[in-house]
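> Sending over a structure as structure tokens; questions will come in a sec.
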Amino acid sequence: NAGVTQTPKFQVLKTGQSMTLQCAQDMNHEYMSWYRQDPGMGLRLIHYSVGAGITDQGEVPNGYNVSRSTTEDFPLRLLSAAPSQTSVYFCASSYSFRQGTLGYTFGSGTRLTVV
Amino acid sequence: AQSVAQPEDQVNVAEGNPLTVKCTYSVSGNPYLFWYVQYPNRGLQFLLKYITGDNLVKGSYGFEAEFNKSQTSFHLKKPSALVSDSALYFCAVSVLDNTGKLIFGQGTTLQVKP
């Protein structure tokens with residue numbers, strides 16, 4: 001089924017560990033982005049991409065890295081996990097304005113706990 | 001800078017009564033506005049969007065929203081609330097800047113009581 005697939009759904013990390021959150025979409029969307037959700041703060045943009053090979057920082061990029069080698073995949077890397085990165089992470093994708101109209105599809109989320 | 005404000009952390013309404021969840025925005029350029037709903041421990045579900053055209057937008061589950069350019073608002077409404085509407089609601093805005101960035105409000109918890 002078409003959509004945005006995020007893995008893993010849950011993860012516990014120790015401070016200082018690194019890991020990659022996976023995000024894949026099969027809708028040929030040009031736009032992809034990562035958000036973190038924290039209570040009372042809504043969703044905040046971490047990094048985004050407007051196409052393969054093009055990424056940029058969002059509102060809260062520190063401690064995270066991204067790459068976009070293909071249209072389908074947009075992994076988020078935590079370089080050295082900190083307790084402040086405990087959050088729920090969502091990946092989203094959308095057609096670009098060039099492709100059509102905006103319509104975002106969100107993954108089911110990754111609940112990350114850093115101890 | 002773009003921003004979205006949802007002035008109420010929580011809205012309480014009795015089942016069968018009309019509900020309104022408020023949203024105001026600040027953008028430079030034409031706004032593209034969205035409402036999403038999140039049920040506990042779930043992802044975000046799309047409710048409706050305003051891109052252009054009619055200011056009254058109808059969406060999923062009987063929800064609608066009215067775009068008001070002069071008041072820079074995009075309030076979510078439903079004529080008759082259901083207990084099952086209880087959830088966390090997010091307003092979000094994007095602009096025509098070829099980035100696809102969505103800026104979210106902080107969210108409003110809707111509690112519908114029987």
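The chains in the structure tokens are called A, B, ... from first to last as shown; in each chain the residues are counted from 1, and the ligands are counted from 1 in the order shown.
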Using DSSP on the backbone coordinates, identify the residues of chain A assigned to strand (DSSP E or B); present them as a ChimeraX atom specification.
/A:4-7,10-13,19-25,31-37,43-51,54-57,64-66,73,76-78,87-94,105-106,110-114
> Could you list, as a CSV table (one decimal) with all heavy atoms, in the first residue's frame, every residue within 6 Å of range 98-108 of chain A, counting only C-alpha atoms and ignoring same-chain residues fewer than 2 positions away?

chain,number,residue,atom,x,y,z
A,4,VAL,N,3.9,6.3,3.7
A,4,VAL,CA,5.2,6.6,4.3
A,4,VAL,C,5.5,5.5,5.4
A,4,VAL,O,4.7,5.4,6.3
A,4,VAL,CB,5.2,8.0,4.9
A,4,VAL,CG1,6.6,8.3,5.6
A,4,VAL,CG2,5.0,9.0,3.9
A,5,THR,N,6.6,4.9,5.3
A,5,THR,CA,6.9,3.8,6.2
A,5,THR,C,8.1,4.3,7.1
A,5,THR,O,9.2,4.6,6.6
A,5,THR,CB,7.3,2.5,5.5
A,5,THR,OG1,6.2,2.1,4.7
A,5,THR,CG2,7.6,1.4,6.5
A,6,GLN,N,7.9,4.2,8.4
A,6,GLN,CA,8.9,4.6,9.4
A,6,GLN,C,9.3,3.4,10.2
A,6,GLN,O,8.5,2.6,10.6
A,6,GLN,CB,8.4,5.6,10.3
A,6,GLN,CG,8.4,7.1,9.8
A,6,GLN,CD,8.1,8.0,10.9
A,6,GLN,OE1,7.0,8.7,10.8
A,6,GLN,NE2,8.9,8.2,11.9
A,90,PHE,N,8.3,12.1,13.5
A,90,PHE,CA,7.5,11.8,12.4
A,90,PHE,C,8.2,12.2,11.1
A,90,PHE,O,8.8,13.3,11.0
A,90,PHE,CB,6.2,12.6,12.5
A,90,PHE,CG,5.2,12.1,13.5
A,90,PHE,CD1,5.2,12.7,14.7
A,90,PHE,CD2,4.5,10.9,13.3
A,90,PHE,CE1,4.3,12.2,15.7
A,90,PHE,CE2,3.6,10.5,14.2
A,90,PHE,CZ,3.5,11.1,15.5
A,91,CYS,N,8.0,11.3,10.1
A,91,CYS,CA,8.5,11.6,8.7
A,91,CYS,C,7.3,12.0,7.9
A,91,CYS,O,6.2,11.4,8.1
A,91,CYS,CB,9.2,10.4,8.2
A,91,CYS,SG,9.8,10.6,6.5
A,92,ALA,N,7.4,12.9,7.0
A,92,ALA,CA,6.3,13.3,6.1
A,92,ALA,C,6.8,13.4,4.7
A,92,ALA,O,8.0,13.8,4.4
A,92,ALA,CB,5.6,14.6,6.6
A,93,SER,N,5.9,13.2,3.7
A,93,SER,CA,6.2,13.5,2.3
A,93,SER,C,5.0,14.1,1.6
A,93,SER,O,3.9,14.0,2.1
A,93,SER,CB,6.6,12.2,1.6
A,93,SER,OG,5.5,11.4,1.4
A,94,SER,N,5.3,14.8,0.5
A,94,SER,CA,4.3,15.5,-0.2
A,94,SER,C,4.7,15.7,-1.6
A,94,SER,O,5.9,15.8,-1.9
A,94,SER,CB,4.0,16.9,0.4
A,94,SER,OG,3.2,17.7,-0.4
A,95,TYR,N,3.8,15.8,-2.5
A,95,TYR,CA,4.1,16.3,-3.9
A,95,TYR,C,4.6,17.8,-3.7
A,95,TYR,O,4.2,18.5,-2.8
A,95,TYR,CB,2.8,16.3,-4.8
A,95,TYR,CG,2.4,15.0,-5.2
A,95,TYR,CD1,1.2,14.5,-4.9
A,95,TYR,CD2,3.2,14.2,-6.0
A,95,TYR,CE1,0.8,13.2,-5.3
A,95,TYR,CE2,2.8,12.9,-6.4
A,95,TYR,CZ,1.6,12.4,-6.1
A,95,TYR,OH,1.2,11.2,-6.5
A,96,SER,N,5.5,18.1,-4.6
A,96,SER,CA,5.9,19.5,-4.7
A,96,SER,C,4.9,20.3,-5.5
A,96,SER,O,4.0,19.8,-6.1
A,96,SER,CB,7.3,19.6,-5.3
A,96,SER,OG,7.2,19.2,-6.7
B,43,GLY,N,-0.4,8.3,14.6
B,43,GLY,CA,0.2,9.3,13.8
B,43,GLY,C,-0.8,10.4,13.5
B,43,GLY,O,-1.9,10.4,14.1
> With distances taken over only C-alpha atoms, which residue among B:Asn55, B:Gln111, B:Ser26, B:Asn41 lies nearest Leu82 in chain B?
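Checking each candidate against Leu82 in chain B, we get B:Gln111 as the closest.
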> Report, in Å to a single decimal, how far apart CA of Ser28 in chain B and CA of Phe46 in chain B are.
24.1 Å
> Which chain A residues are at most 6 Å from chain B (counting only C-alpha atoms), as a tab-separated table (two decimals) with all heavy atoms, in the first residue's frame?

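As a result, result16.tsv now contains:
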chain	number	residue	atom	x	y	z
A	31	TYR	N	8.94	16.28	-1.94
A	31	TYR	CA	9.17	16.85	-0.62
A	31	TYR	C	9.17	15.75	0.43
A	31	TYR	O	8.26	14.93	0.49
A	31	TYR	CB	8.06	17.84	-0.25
A	31	TYR	CG	8.04	19.14	-1.02
A	31	TYR	CD1	6.90	19.93	-0.99
A	31	TYR	CD2	9.12	19.58	-1.76
A	31	TYR	CE1	6.84	21.13	-1.68
A	31	TYR	CE2	9.08	20.79	-2.45
A	31	TYR	CZ	7.93	21.55	-2.41
A	31	TYR	OH	7.88	22.74	-3.10
A	40	GLY	N	3.07	19.95	24.28
A	40	GLY	CA	2.88	21.39	24.37
A	40	GLY	C	3.64	22.21	23.34
A	40	GLY	O	3.54	23.44	23.35
A	41	MET	N	4.38	21.53	22.46
A	41	MET	CA	5.19	22.28	21.50
A	41	MET	C	4.82	21.96	20.06
A	41	MET	O	5.46	22.44	19.13
A	41	MET	CB	6.68	22.01	21.73
A	41	MET	CG	7.12	22.33	23.14
A	41	MET	SD	8.88	22.23	23.36
A	41	MET	CE	9.39	23.73	22.55
A	42	GLY	N	3.83	21.15	19.87
A	42	GLY	CA	3.45	20.81	18.52
A	42	GLY	C	4.52	19.98	17.83
A	42	GLY	O	5.30	19.29	18.48
A	43	LEU	N	4.57	20.07	16.53
A	43	LEU	CA	5.60	19.40	15.75
A	43	LEU	C	6.58	20.45	15.25
A	43	LEU	O	6.18	21.47	14.69
A	43	LEU	CB	5.00	18.65	14.56
A	43	LEU	CG	4.38	17.30	14.86
A	43	LEU	CD1	3.00	17.45	15.48
A	43	LEU	CD2	4.28	16.48	13.58
A	50	VAL	N	13.83	18.84	-0.70
A	50	VAL	CA	12.93	19.15	-1.82
A	50	VAL	C	13.18	18.23	-3.01
A	50	VAL	O	12.54	18.39	-4.05
A	50	VAL	CB	13.04	20.62	-2.25
A	50	VAL	CG1	12.65	21.53	-1.08
A	50	VAL	CG2	14.43	20.95	-2.75
A	108	SER	N	3.85	6.68	10.71
A	108	SER	CA	3.18	6.39	11.98
A	108	SER	C	4.00	6.80	13.19
A	108	SER	O	3.52	6.73	14.31
A	108	SER	CB	2.86	4.89	12.06
A	108	SER	OG	4.06	4.14	11.91
> Report, in Å to a single decimal, how far apart CA of Gln11 in chain A and CA of Ser80 in chain A are.
14.4 Å
> Report, in Å to a single decimal, how far apart CA of Leu112 in chain A and CA of Val12 in chain A are.
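For CA of Val12 in chain A relative to CA of Leu112 in chain A, the distance reads 5.9 Å.
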> Nearest residue to Val57 in chain B out of B:Leu110, B:Lys69, B:Lys77, B:Gln38, using only C-alpha atoms?
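The closest residue to Val57 in chain B is B:Lys77.
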